[in-house]
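So this block is run.pdb, PDB, C-alpha atoms:
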ATOM      1  CA  MET A   1       0.000   0.000   0.000
ATOM      2  CA  TRP A   2       1.426   3.328  -1.092
ATOM      3  CA  ARG A   3       0.983   6.470   0.968
ATOM      4  CA  VAL A   4       1.498  10.000  -0.259
ATOM      5  CA  GLY A   5       3.987  12.122   1.655
ATOM      6  CA  LYS A   6       4.868  15.785   1.315
ATOM      7  CA  VAL A   7       8.403  17.140   1.550
ATOM      8  CA  VAL A   8       8.459  19.689   4.374
ATOM      9  CA  ALA A   9      12.181  20.336   4.949
ATOM     10  CA  LEU A  10      15.544  19.808   3.240
ATOM     11  CA  HIS A  11      18.960  19.915   4.880
ATOM     12  CA  ASP A  12      22.365  19.150   3.354
ATOM     13  CA  GLU A  13      24.438  16.814   5.546
ATOM     14  CA  THR A  14      27.519  16.764   3.293
ATOM     15  CA  SER A  15      28.338  17.854  -0.264
ATOM     16  CA  THR A  16      26.675  14.663  -1.555
ATOM     17  CA  ALA A  17      24.037  13.799   1.043
ATOM     18  CA  ARG A  18      20.792  15.435   1.984
ATOM     19  CA  THR A  19      18.232  14.909   4.716
ATOM     20  CA  ILE A  20      14.627  15.103   3.542
ATOM     21  CA  THR A  21      11.819  15.532   6.065
ATOM     22  CA  ILE A  22       8.508  14.116   4.886
ATOM     23  CA  GLU A  23       5.059  14.474   6.360
ATOM     24  CA  ILE A  24       2.819  11.446   5.770
ATOM     25  CA  PRO A  25      -0.689  12.048   7.153
ATOM     26  CA  ASP A  26      -1.544   8.353   7.522
ATOM     27  CA  TRP A  27       1.919   7.209   8.673
ATOM     28  CA  PRO A  28       1.437   4.346  11.172
ATOM     29  CA  GLY A  29       4.739   4.959  12.983
ATOM     30  CA  HIS A  30       8.003   3.013  12.727
ATOM     31  CA  ALA A  31      10.639   1.280  14.817
ATOM     32  CA  ALA A  32      14.268   2.481  14.847
ATOM     33  CA  GLY A  33      16.167   0.760  12.034
ATOM     34  CA  GLN A  34      13.272   0.272   9.626
ATOM     35  CA  HIS A  35      13.190   1.558   6.080
ATOM     36  CA  VAL A  36      10.705   2.764   3.489
ATOM     37  CA  ASP A  37      10.328   2.218  -0.215
ATOM     38  CA  VAL A  38      10.134   5.451  -2.209
ATOM     39  CA  ARG A  39       8.448   5.455  -5.622
ATOM     40  CA  LEU A  40       9.068   8.109  -8.232
ATOM     41  CA  THR A  41       6.833   8.155 -11.293
ATOM     42  CA  ALA A  42       7.669  10.111 -14.423
ATOM     43  CA  SER A  43       5.023  11.787 -16.575
ATOM     44  CA  ASP A  44       5.342   8.954 -19.123
ATOM     45  CA  GLY A  45       4.435   6.406 -16.463
ATOM     46  CA  TYR A  46       7.952   5.075 -15.923
ATOM     47  CA  SER A  47       8.475   4.457 -12.249
ATOM     48  CA  ALA A  48      11.417   3.550 -10.046
ATOM     49  CA  VAL A  49      11.329   2.211  -6.491
ATOM     50  CA  ARG A  50      14.217   2.413  -4.027
ATOM     51  CA  SER A  51      14.581   1.543  -0.379
ATOM     52  CA  TYR A  52      15.876   4.111   2.126
ATOM     53  CA  SER A  53      16.483   3.791   5.837
ATOM     54  CA  ILE A  54      14.639   6.119   8.169
ATOM     55  CA  ALA A  55      17.005   8.439  10.079
ATOM     56  CA  SER A  56      14.555   9.923  12.559
ATOM     57  CA  ALA A  57      13.443   8.418  15.848
ATOM     58  CA  PRO A  58       9.946   7.015  16.104
ATOM     59  CA  ASN A  59       7.621   9.932  16.928
ATOM     60  CA  SER A  60       3.972  10.791  16.989
ATOM     61  CA  GLU A  61       4.199  13.639  14.495
ATOM     62  CA  ARG A  62       3.615  11.610  11.320
ATOM     63  CA  ARG A  63       6.977  12.774  10.041
ATOM     64  CA  ILE A  64      10.014  10.821   8.920
ATOM     65  CA  GLU A  65      13.487  11.918   7.879
ATOM     66  CA  LEU A  66      15.536  10.146   5.216
ATOM     67  CA  THR A  67      19.187  10.910   4.588
ATOM     68  CA  VAL A  68      20.054  10.095   0.994
ATOM     69  CA  GLU A  69      23.553   9.865  -0.435
ATOM     70  CA  ARG A  70      23.897  10.715  -4.097
ATOM     71  CA  LEU A  71      25.307   7.805  -6.085
ATOM     72  CA  PRO A  72      27.176   8.386  -9.371
ATOM     73  CA  LYS A  73      24.535   6.687 -11.541
ATOM     74  CA  GLY A  74      21.645   6.709  -9.117
ATOM     75  CA  GLU A  75      18.600   8.099 -10.884
ATOM     76  CA  VAL A  76      16.499   8.185  -7.725
ATOM     77  CA  SER A  77      19.230   9.390  -5.374
ATOM     78  CA  THR A  78      20.193  12.153  -7.804
ATOM     79  CA  TYR A  79      16.607  13.350  -7.897
ATOM     80  CA  LEU A  80      16.246  13.203  -4.113
ATOM     81  CA  THR A  81      19.512  15.027  -3.418
ATOM     82  CA  GLN A  82      19.377  17.652  -6.165
ATOM     83  CA  GLU A  83      15.926  18.226  -7.582
ATOM     84  CA  VAL A  84      13.314  17.523  -4.953
ATOM     85  CA  ALA A  85      11.733  20.678  -3.487
ATOM     86  CA  ILE A  86       9.622  21.652  -0.492
ATOM     87  CA  SER A  87       5.941  20.699  -0.996
ATOM     88  CA  ASP A  88       6.761  18.004  -3.578
ATOM     89  CA  ARG A  89       4.714  14.841  -3.125
ATOM     90  CA  LEU A  90       6.199  11.365  -3.317
ATOM     91  CA  ASP A  91       4.850   7.817  -2.805
ATOM     92  CA  PHE A  92       5.989   5.792   0.195
ATOM     93  CA  ARG A  93       5.505   2.167   1.243
ATOM     94  CA  GLY A  94       6.308   1.129   4.774
ATOM     95  CA  PRO A  95       7.592   1.044   7.387
ATOM     96  CA  ILE A  96       9.413  -2.084   6.276
ATOM     97  CA  GLY A  97      11.587  -4.681   7.985
ATOM     98  CA  GLY A  98      11.095  -6.191  11.419
ATOM     99  CA  TRP A  99      14.553  -7.654  12.033
ATOM    100  CA  PHE A 100      17.138  -4.860  11.819
ATOM    101  CA  VAL A 101      15.428  -2.831  14.540
ATOM    102  CA  TRP A 102      16.230  -1.631  18.047
ATOM    103  CA  ARG A 103      13.353  -1.269  20.498
ATOM    104  CA  THR A 104      13.436   0.787  23.661
ATOM    105  CA  GLN A 105      12.698  -2.329  25.772
ATOM    106  CA  GLN A 106      16.172  -3.662  24.886
ATOM    107  CA  ILE A 107      18.459  -2.935  27.836
ATOM    108  CA  GLU A 108      21.517  -4.992  26.825
ATOM    109  CA  PRO A 109      24.713  -3.342  25.502
ATOM    110  CA  ILE A 110      24.385  -2.311  21.885
ATOM    111  CA  GLN A 111      27.239  -2.155  19.399
ATOM    112  CA  LEU A 112      26.568  -0.138  16.257
ATOM    113  CA  ILE A 113      28.999  -0.252  13.323
ATOM    114  CA  ALA A 114      28.374   1.957  10.285
ATOM    115  CA  GLY A 115      30.103   2.148   6.923
ATOM    116  CA  GLY A 116      29.436   5.467   5.183
ATOM    117  CA  SER A 117      25.727   6.134   4.746
ATOM    118  CA  GLY A 118      25.071   2.939   6.718
ATOM    119  CA  ILE A 119      24.940   5.321   9.678
ATOM    120  CA  VAL A 120      21.345   6.268   8.797
ATOM    121  CA  PRO A 121      19.346   3.441  10.475
ATOM    122  CA  LEU A 122      21.835   3.398  13.364
ATOM    123  CA  MET A 123      21.232   7.114  13.905
ATOM    124  CA  SER A 124      17.534   6.367  14.201
ATOM    125  CA  MET A 125      18.423   3.935  17.007
ATOM    126  CA  ILE A 126      20.640   6.514  18.763
ATOM    127  CA  ARG A 127      17.923   9.157  18.472
ATOM    128  CA  SER A 128      15.275   6.712  19.656
ATOM    129  CA  ARG A 129      17.403   5.832  22.696
ATOM    130  CA  ALA A 130      17.820   9.540  23.518
ATOM    131  CA  SER A 131      14.175  10.477  23.051
ATOM    132  CA  ALA A 132      13.005   7.505  25.152
ATOM    133  CA  GLY A 133      15.485   8.292  27.947
ATOM    134  CA  SER A 134      16.954   4.776  27.632
ATOM    135  CA  THR A 135      20.206   4.075  29.482
ATOM    136  CA  ALA A 136      21.144   1.008  27.428
ATOM    137  CA  PRO A 137      24.935   1.184  26.888
ATOM    138  CA  PHE A 138      25.519   2.163  23.250
ATOM    139  CA  ARG A 139      28.756   2.246  21.283
ATOM    140  CA  LEU A 140      29.039   3.448  17.707
ATOM    141  CA  LEU A 141      32.006   2.740  15.442
ATOM    142  CA  TYR A 142      31.547   4.883  12.347
ATOM    143  CA  SER A 143      33.734   4.314   9.302
ATOM    144  CA  VAL A 144      33.932   7.128   6.748
ATOM    145  CA  ARG A 145      36.223   8.039   3.850
ATOM    146  CA  GLU A 146      37.175  11.457   5.211
ATOM    147  CA  PRO A 147      36.080  14.012   7.823
ATOM    148  CA  GLY A 148      33.827  15.853   5.344
ATOM    149  CA  ALA A 149      31.781  12.717   4.748
ATOM    150  CA  VAL A 150      30.514  12.409   8.337
ATOM    151  CA  PHE A 151      26.738  12.732   8.786
ATOM    152  CA  TYR A 152      25.241  14.152  12.020
ATOM    153  CA  ARG A 153      28.638  15.005  13.564
ATOM    154  CA  ASP A 154      27.445  17.866  15.810
ATOM    155  CA  GLU A 155      24.430  15.951  17.037
ATOM    156  CA  LEU A 156      26.521  12.849  17.794
ATOM    157  CA  ARG A 157      29.004  14.974  19.735
ATOM    158  CA  ALA A 158      26.251  16.712  21.703
ATOM    159  CA  LEU A 159      24.551  13.426  22.572
ATOM    160  CA  SER A 160      27.767  11.661  23.618
ATOM    161  CA  ASP A 161      29.050  14.685  25.592
ATOM    162  CA  LYS A 162      26.052  14.686  27.877
ATOM    163  CA  ASP A 163      25.685  10.925  28.174
ATOM    164  CA  ARG A 164      28.660   8.764  29.141
ATOM    165  CA  SER A 165      26.892   5.564  28.176
ATOM    166  CA  LEU A 166      26.913   6.592  24.514
ATOM    167  CA  ILE A 167      30.437   6.231  23.097
ATOM    168  CA  VAL A 168      31.266   7.307  19.534
ATOM    169  CA  ASN A 169      34.455   6.368  17.667
ATOM    170  CA  TYR A 170      35.346   7.294  14.102
ATOM    171  CA  VAL A 171      37.546   5.429  11.689
ATOM    172  CA  TYR A 172      38.735   7.213   8.550
ATOM    173  CA  THR A 173      39.565   5.093   5.530
ATOM    174  CA  ARG A 174      41.191   7.619   3.145
ATOM    175  CA  VAL A 175      41.882  10.937   4.913
ATOM    176  CA  ALA A 176      42.055  11.303   8.685
ATOM    177  CA  PRO A 177      42.005  14.544  10.681
ATOM    178  CA  ILE A 178      45.382  15.713  12.085
ATOM    179  CA  ASP A 179      44.439  14.777  15.649
ATOM    180  CA  SER A 180      43.271  11.288  14.704
ATOM    181  CA  PRO A 181      45.059   8.592  16.722
ATOM    182  CA  ARG A 182      45.172   6.245  13.742
ATOM    183  CA  GLN A 183      46.434   6.379  10.167
ATOM    184  CA  PRO A 184      43.693   6.195   7.544
ATOM    185  CA  GLY A 185      42.679   2.594   6.948
ATOM    186  CA  ARG A 186      39.855   0.150   7.039
ATOM    187  CA  ILE A 187      38.414  -1.503  10.108
ATOM    188  CA  ASP A 188      40.603  -4.412  11.196
ATOM    189  CA  ALA A 189      40.603  -6.964  14.013
ATOM    190  CA  ALA A 190      42.701  -4.738  16.312
ATOM    191  CA  LEU A 191      40.318  -1.814  15.916
ATOM    192  CA  ILE A 192      37.339  -4.049  16.648
ATOM    193  CA  ALA A 193      39.115  -5.274  19.794
ATOM    194  CA  ASN A 194      39.875  -1.712  20.961
ATOM    195  CA  THR A 195      36.716   0.191  20.088
ATOM    196  CA  THR A 196      33.794  -2.209  20.506
ATOM    197  CA  TRP A 197      32.137  -3.842  23.520
ATOM    198  CA  PRO A 198      33.976  -6.994  24.583
ATOM    199  CA  SER A 199      32.096 -10.079  23.504
ATOM    200  CA  ASN A 200      31.680 -11.299  27.112
ATOM    201  CA  LEU A 201      29.154  -8.472  27.601
ATOM    202  CA  ALA A 202      27.077 -10.226  24.916
ATOM    203  CA  PRO A 203      26.221  -7.032  23.032
ATOM    204  CA  THR A 204      23.656  -7.054  20.264
ATOM    205  CA  CYS A 205      25.539  -5.801  17.199
ATOM    206  CA  TYR A 206      23.991  -3.884  14.304
ATOM    207  CA  VAL A 207      26.194  -3.526  11.229
ATOM    208  CA  CYS A 208      25.096  -1.446   8.244
ATOM    209  CA  GLY A 209      27.020  -0.447   5.140
ATOM    210  CA  PRO A 210      28.056  -1.612   1.690
ATOM    211  CA  THR A 211      28.028  -5.401   1.288
ATOM    212  CA  PRO A 212      31.842  -5.948   1.388
ATOM    213  CA  PHE A 213      32.088  -3.742   4.507
ATOM    214  CA  VAL A 214      29.351  -5.678   6.294
ATOM    215  CA  GLU A 215      30.824  -9.061   5.375
ATOM    216  CA  SER A 216      34.237  -8.030   6.656
ATOM    217  CA  VAL A 217      32.994  -6.432   9.910
ATOM    218  CA  ALA A 218      30.622  -9.315  10.686
ATOM    219  CA  GLY A 219      33.591 -11.658  10.239
ATOM    220  CA  PHE A 220      35.737  -9.665  12.712
ATOM    221  CA  LEU A 221      32.902  -9.542  15.255
ATOM    222  CA  SER A 222      32.360 -13.260  14.976
ATOM    223  CA  ALA A 223      36.111 -13.987  15.237
ATOM    224  CA  SER A 224      36.321 -11.898  18.404
ATOM    225  CA  GLY A 225      33.775 -14.110  20.110
ATOM    226  CA  ASN A 226      30.398 -12.558  19.294
ATOM    227  CA  SER A 227      27.699 -15.118  18.622
ATOM    228  CA  PRO A 228      26.401 -14.961  15.033
ATOM    229  CA  ASN A 229      22.830 -14.720  16.324
ATOM    230  CA  LYS A 230      23.747 -11.481  18.131
ATOM    231  CA  ILE A 231      25.008  -9.876  14.899
ATOM    232  CA  ARG A 232      22.340  -8.223  12.766
ATOM    233  CA  THR A 233      23.336  -6.884   9.400
ATOM    234  CA  GLU A 234      21.923  -4.598   6.748
ATOM    235  CA  ARG A 235      23.809  -4.534   3.468
ATOM    236  CA  PHE A 236      23.371  -2.335   0.461
ATOM    237  CA  GLY A 237      24.849  -3.055  -2.920
ATOM    238  CA  PRO A 238      26.814  -0.662  -5.117
ATOM    239  CA  THR A 239      24.217  -0.825  -7.877
ATOM    240  CA  GLY A 240      21.146  -0.058  -5.805
ATOM    241  CA  ASP A 241      20.146   3.287  -4.393
ATOM    242  CA  ARG A 242      19.631   1.804  -0.994
ATOM    243  CA  LYS A 243      20.054   4.268   1.915
TER     244      LYS A 243
ATOM    245  CA  MET B   1      25.869 -15.490 -11.022
ATOM    246  CA  SER B   2      29.187 -15.258  -9.254
ATOM    247  CA  SER B   3      29.252 -16.274  -5.627
ATOM    248  CA  ASN B   4      32.430 -14.280  -5.005
ATOM    249  CA  SER B   5      31.182 -10.853  -5.984
ATOM    250  CA  TYR B   6      29.194  -8.602  -3.715
ATOM    251  CA  ASP B   7      26.242  -8.109  -6.024
ATOM    252  CA  TYR B   8      23.632  -8.877  -3.387
ATOM    253  CA  VAL B   9      21.841  -7.076  -0.593
ATOM    254  CA  ASP B  10      19.912  -8.292   2.455
ATOM    255  CA  GLY B  11      16.779 -10.367   2.458
ATOM    256  CA  SER B  12      15.219  -7.454   4.319
ATOM    257  CA  ALA B  13      15.231  -5.494   1.063
ATOM    258  CA  ALA B  14      12.456  -7.830  -0.142
ATOM    259  CA  ALA B  15      10.141  -6.759   2.670
ATOM    260  CA  GLY B  16       8.354  -4.147   0.561
ATOM    261  CA  GLU B  17       7.589  -6.535  -2.296
ATOM    262  CA  LEU B  18       6.567  -9.340   0.071
ATOM    263  CA  SER B  19       4.255  -6.986   1.969
ATOM    264  CA  LYS B  20       2.076  -6.887  -1.151
ATOM    265  CA  ILE B  21       1.355 -10.596  -0.628
ATOM    266  CA  PHE B  22       1.670 -11.404   3.075
ATOM    267  CA  ALA B  23      -0.015  -9.860   6.088
ATOM    268  CA  VAL B  24       3.062 -10.332   8.300
ATOM    269  CA  ASP B  25       6.712  -9.460   7.778
ATOM    270  CA  VAL B  26       8.289 -12.524   6.189
ATOM    271  CA  THR B  27      11.798 -11.074   6.457
ATOM    272  CA  ALA B  28      11.683 -11.303  10.278
ATOM    273  CA  ALA B  29      10.774 -15.015  10.110
ATOM    274  CA  GLU B  30      13.220 -17.897  10.326
ATOM    275  CA  GLY B  31      13.293 -20.188   7.334
ATOM    276  CA  GLN B  32      14.905 -23.532   6.701
ATOM    277  CA  CYS B  33      16.877 -24.030   3.512
ATOM    278  CA  ALA B  34      15.470 -27.027   1.660
ATOM    279  CA  HIS B  35      18.923 -27.868   0.328
ATOM    280  CA  CYS B  36      21.328 -27.689   3.289
ATOM    281  CA  GLY B  37      18.915 -27.481   6.218
ATOM    282  CA  ALA B  38      20.336 -24.241   7.635
ATOM    283  CA  ILE B  39      17.804 -22.242   9.661
ATOM    284  CA  LYS B  40      18.303 -18.508   9.263
ATOM    285  CA  ARG B  41      16.383 -15.264   9.451
ATOM    286  CA  PHE B  42      15.062 -14.461   6.009
ATOM    287  CA  ALA B  43      16.397 -10.912   6.544
ATOM    288  CA  ASP B  44      19.921 -12.351   6.505
ATOM    289  CA  ALA B  45      19.541 -14.167   3.175
ATOM    290  CA  ARG B  46      21.391 -12.894   0.125
ATOM    291  CA  LEU B  47      19.024 -11.041  -2.132
ATOM    292  CA  TYR B  48      19.754 -10.525  -5.812
ATOM    293  CA  THR B  49      17.678  -7.802  -7.372
ATOM    294  CA  GLN B  50      19.378  -7.373 -10.760
ATOM    295  CA  SER B  51      17.446 -10.240 -12.315
ATOM    296  CA  PRO B  52      13.896  -9.798 -13.662
ATOM    297  CA  GLY B  53      12.320 -10.069 -10.245
ATOM    298  CA  ILE B  54      14.133 -10.943  -7.049
ATOM    299  CA  VAL B  55      15.984 -14.069  -5.967
ATOM    300  CA  ALA B  56      16.900 -14.902  -2.356
ATOM    301  CA  ARG B  57      19.693 -17.366  -1.716
ATOM    302  CA  CYS B  58      20.839 -19.236   1.379
ATOM    303  CA  THR B  59      23.873 -17.597   3.025
ATOM    304  CA  VAL B  60      25.323 -21.024   3.799
ATOM    305  CA  CYS B  61      24.964 -23.054   0.571
ATOM    306  CA  GLU B  62      23.754 -20.359  -1.875
ATOM    307  CA  HIS B  63      20.824 -22.414  -3.097
ATOM    308  CA  VAL B  64      17.713 -20.483  -4.124
ATOM    309  CA  LEU B  65      15.237 -19.961  -1.257
ATOM    310  CA  LEU B  66      12.661 -17.770  -2.952
ATOM    311  CA  ARG B  67      11.902 -16.199  -6.302
ATOM    312  CA  LEU B  68       9.433 -13.412  -6.896
ATOM    313  CA  VAL B  69       8.569 -12.072 -10.337
ATOM    314  CA  ASN B  70       6.107  -9.354 -11.259
ATOM    315  CA  THR B  71       4.481  -9.516 -14.667
ATOM    316  CA  PRO B  72       1.963  -6.954 -15.905
ATOM    317  CA  GLN B  73      -0.950  -9.195 -14.812
ATOM    318  CA  ARG B  74       0.465 -11.590 -12.237
ATOM    319  CA  VAL B  75       2.844 -11.931  -9.302
ATOM    320  CA  LEU B  76       4.722 -15.246  -9.322
ATOM    321  CA  LEU B  77       6.155 -16.539  -6.060
ATOM    322  CA  ASP B  78       8.294 -19.674  -5.768
ATOM    323  CA  VAL B  79       9.256 -20.693  -2.213
ATOM    324  CA  ARG B  80      10.168 -24.336  -2.761
ATOM    325  CA  GLY B  81      13.702 -23.552  -1.576
ATOM    326  CA  MET B  82      12.444 -23.367   2.005
ATOM    327  CA  THR B  83      10.963 -26.313   3.890
ATOM    328  CA  TYR B  84       9.251 -24.007   6.376
ATOM    329  CA  LEU B  85       9.027 -20.480   7.771
ATOM    330  CA  SER B  86       8.730 -19.844  11.506
ATOM    331  CA  PHE B  87       7.248 -16.555  12.743
ATOM    332  CA  ASP B  88       7.405 -14.780  16.087
ATOM    333  CA  ARG B  89       3.972 -14.451  17.618
ATOM    334  CA  ALA B  90       3.091 -10.774  17.654
TER     335      ALA B  90
END

Let's see the structure in the file written out as structure tokens.
Amino acid sequence: MWRVGKVVALHDETSTARTITIEIPDWPGHAAGQHVDVRLTASDGYSAVRSYSIASAPNSERRIELTVERLPKGEVSTYLTQEVAISDRLDFRGPIGGWFVWRTQQIEPIQLIAGGSGIVPLMSMIRSRASAGSTAPFRLLYSVREPGAVFYRDELRALSDKDRSLIVNYVYTRVAPIDSPRQPGRIDAALIANTTWPSNLAPTCYVCGPTPFVESVAGFLSASGNSPNKIRTERFGPTGDRK
Amino acid sequence: MSSNSYDYVDGSAAAGELSKIFAVDVTAAEGQCAHCGAIKRFADARLYTQSPGIVARCTVCEHVLLRLVNTPQRVLLDVRGMTYLSFDRA
């Protein structure tokens, strides 16, 4: 079932990513980590459907935020990051997905690991935790190409500054800031050991990013003693517009 | 279809299409692979969306679990790759 939503706000996160706030009058509400399908239909009837994670926390305002990264050949992501305007109407299906979600009743330690725009559903979880006043211990390991590619940096800093049970670590894969303790490089076993909850705390792990990133990180988590049934993954392929 | 390339996404990406058919979220269910017997969340299956329609494969043995094809008049669903699906009670 498709619902019509209206674009009510636009905000650039980086030079290639934009947050779109959409008001959907009959939105039934969502859980942190879920996604929506967005359908664009051209005047000739051609339509394209893509899946995007919801960035905002569950709320009662019938509004959702999506943060969309522009992909080089992404017809939908290019439209959503460059052409969409306030008051435009788009079709939405969802919320979708009942597995890659965090619910406020979960009190166990949570390990979030994001690759690039894979931060989006994890940010919904962090925001949901904050708005619900949850004290579940959260850690985020956020892998990005370079400092300019970080989404939500100020908000993450503000949330972690006032709450010691939310810990945020960044890993830079191509260009690191001068004060970074580590040379640019991908996540490896040593970094997992140093910047994630130890496996004896039995954290629930949520890993979201491009497919090769997720495969590699899930392998490190498993090798460091995390049970595979405590590792939830969300992958998006290079050809899709996902996220 | 190469098993070494990363041309797949998660089973959860099929949730929108499957919601047209089923009243509950199939991607949150556990399913047993009819070929190797592995029991996994459908959300964790490998989903290939480049084909005409979508194909979900077992993460363990890569055999086909589910195929879904939309034609102008019909929706075709083949789930013989799973012996059963097990759902959480709401």

Legend entry - Hits from the PyMOL selection byres ((chain A) within 10 of (chain B)), listed as an NGL selection string: :A and (1 or 34-37 or 49-52 or 93-100 or 210-213 or 215 or 229 or 232-240 or 242)

Inset, instruction - Run the PyMOL selection byres ((chain A and resi 28) around 8) on the file and write out the hits as a ChimeraX atom specification. - result: /A:26-27,29-30,62,95

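As for atom CA of Glu155 of chain A and atom CA of Ile126 of chain A, they are spaced 10.3 Å apart.
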
Inset, instruction - Would you kindly return, as a list in words, each protein, DNA or RNA residue with an atom no farther than 9 Å from any atom of Thr83 of chain B, considering all atoms listed in the file and excluding same-chain residues fewer than 3 positions away? - result: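 Returned residues: Gly31, Gln32, Cys33, Ala34, His35, Gly37, Val79 and Arg80 of chain B.
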
Inset, instruction - Please identify all polymer residues within 9 Å of Met123 of chain A, counting all atoms listed in the file, omitting same-chain residues fewer than 3 positions from it, and present them as a list in words. - result: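 Those residues are Ala32, Gly33, Ile54, Ala55, Ser56, Ala57, Ile119, Val120, Ile126, Arg127, Ser128, Tyr152 and Leu156 of chain A.
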
Need the axis-aligned box for segment 50-65 of chain B with 5 Å each side, so what are the centre and edges in Å to one decimal, as lines of an AutoDock Vina configuration file?
center_x = 18.8
center_y = -15.2
center_z = -4.9
size_x = 23.0
size_y = 25.7
size_z = 27.5

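The coordinates place atom CA of Gly148 of chain A at 15.4 Å from atom CA of His11 of chain A.
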
Inset, instruction - Anything within 10 Å of (39.0, 1.2, 10.8): list those residues as a PyMOL selection string, counting all atoms listed in the file and sticking to the file's coordinates. - result: chain A and resi 115+141-144+169-173+182-192+195+217

Legend entry - Distance criterion (only C-alpha atoms): nearest to Val7 of chain A out of A:Leu40, A:Asn59, A:Thr78, A:Ile86: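 Comparing A:Leu40, A:Asn59, A:Thr78, A:Ile86 against Val7 of chain A, the winner is A:Ile86.
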
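Distances to Gly53 of chain B were evaluated for B:Leu85, B:Leu77, B:Ala38, B:Leu65 using only C-alpha atoms, and the minimum falls at B:Leu77.
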
Inset, instruction - For atom CA of Ser134 of chain A and atom CA of Pro109 of chain A, quote the distance in Å rounded to one decimal. - result: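 Computed distance, atom CA of Ser134 of chain A to atom CA of Pro109 of chain A, equals 11.4 Å.
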
Inset, instruction - Rank B:Leu76, B:Cys36, B:Ala56, B:Leu66 by their smallest atom-to-atom distance to Ile21 of chain B, using all atoms listed in the file, and report the top residue only. - result: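 When distances to Ile21 of chain B are compared using all atoms listed in the file, the smallest one comes from B:Leu76.
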
Legend entry - Near-Ala17 of chain A list (7 Å; only C-alpha atoms; drop same-chain fewer than 2 positions) as a list in words: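 Listed by chain and then number, they are Asp12, Glu13, Thr14, Ser15, Thr19, Thr67, Val68, Glu69, Arg70 and Thr81 of chain A.
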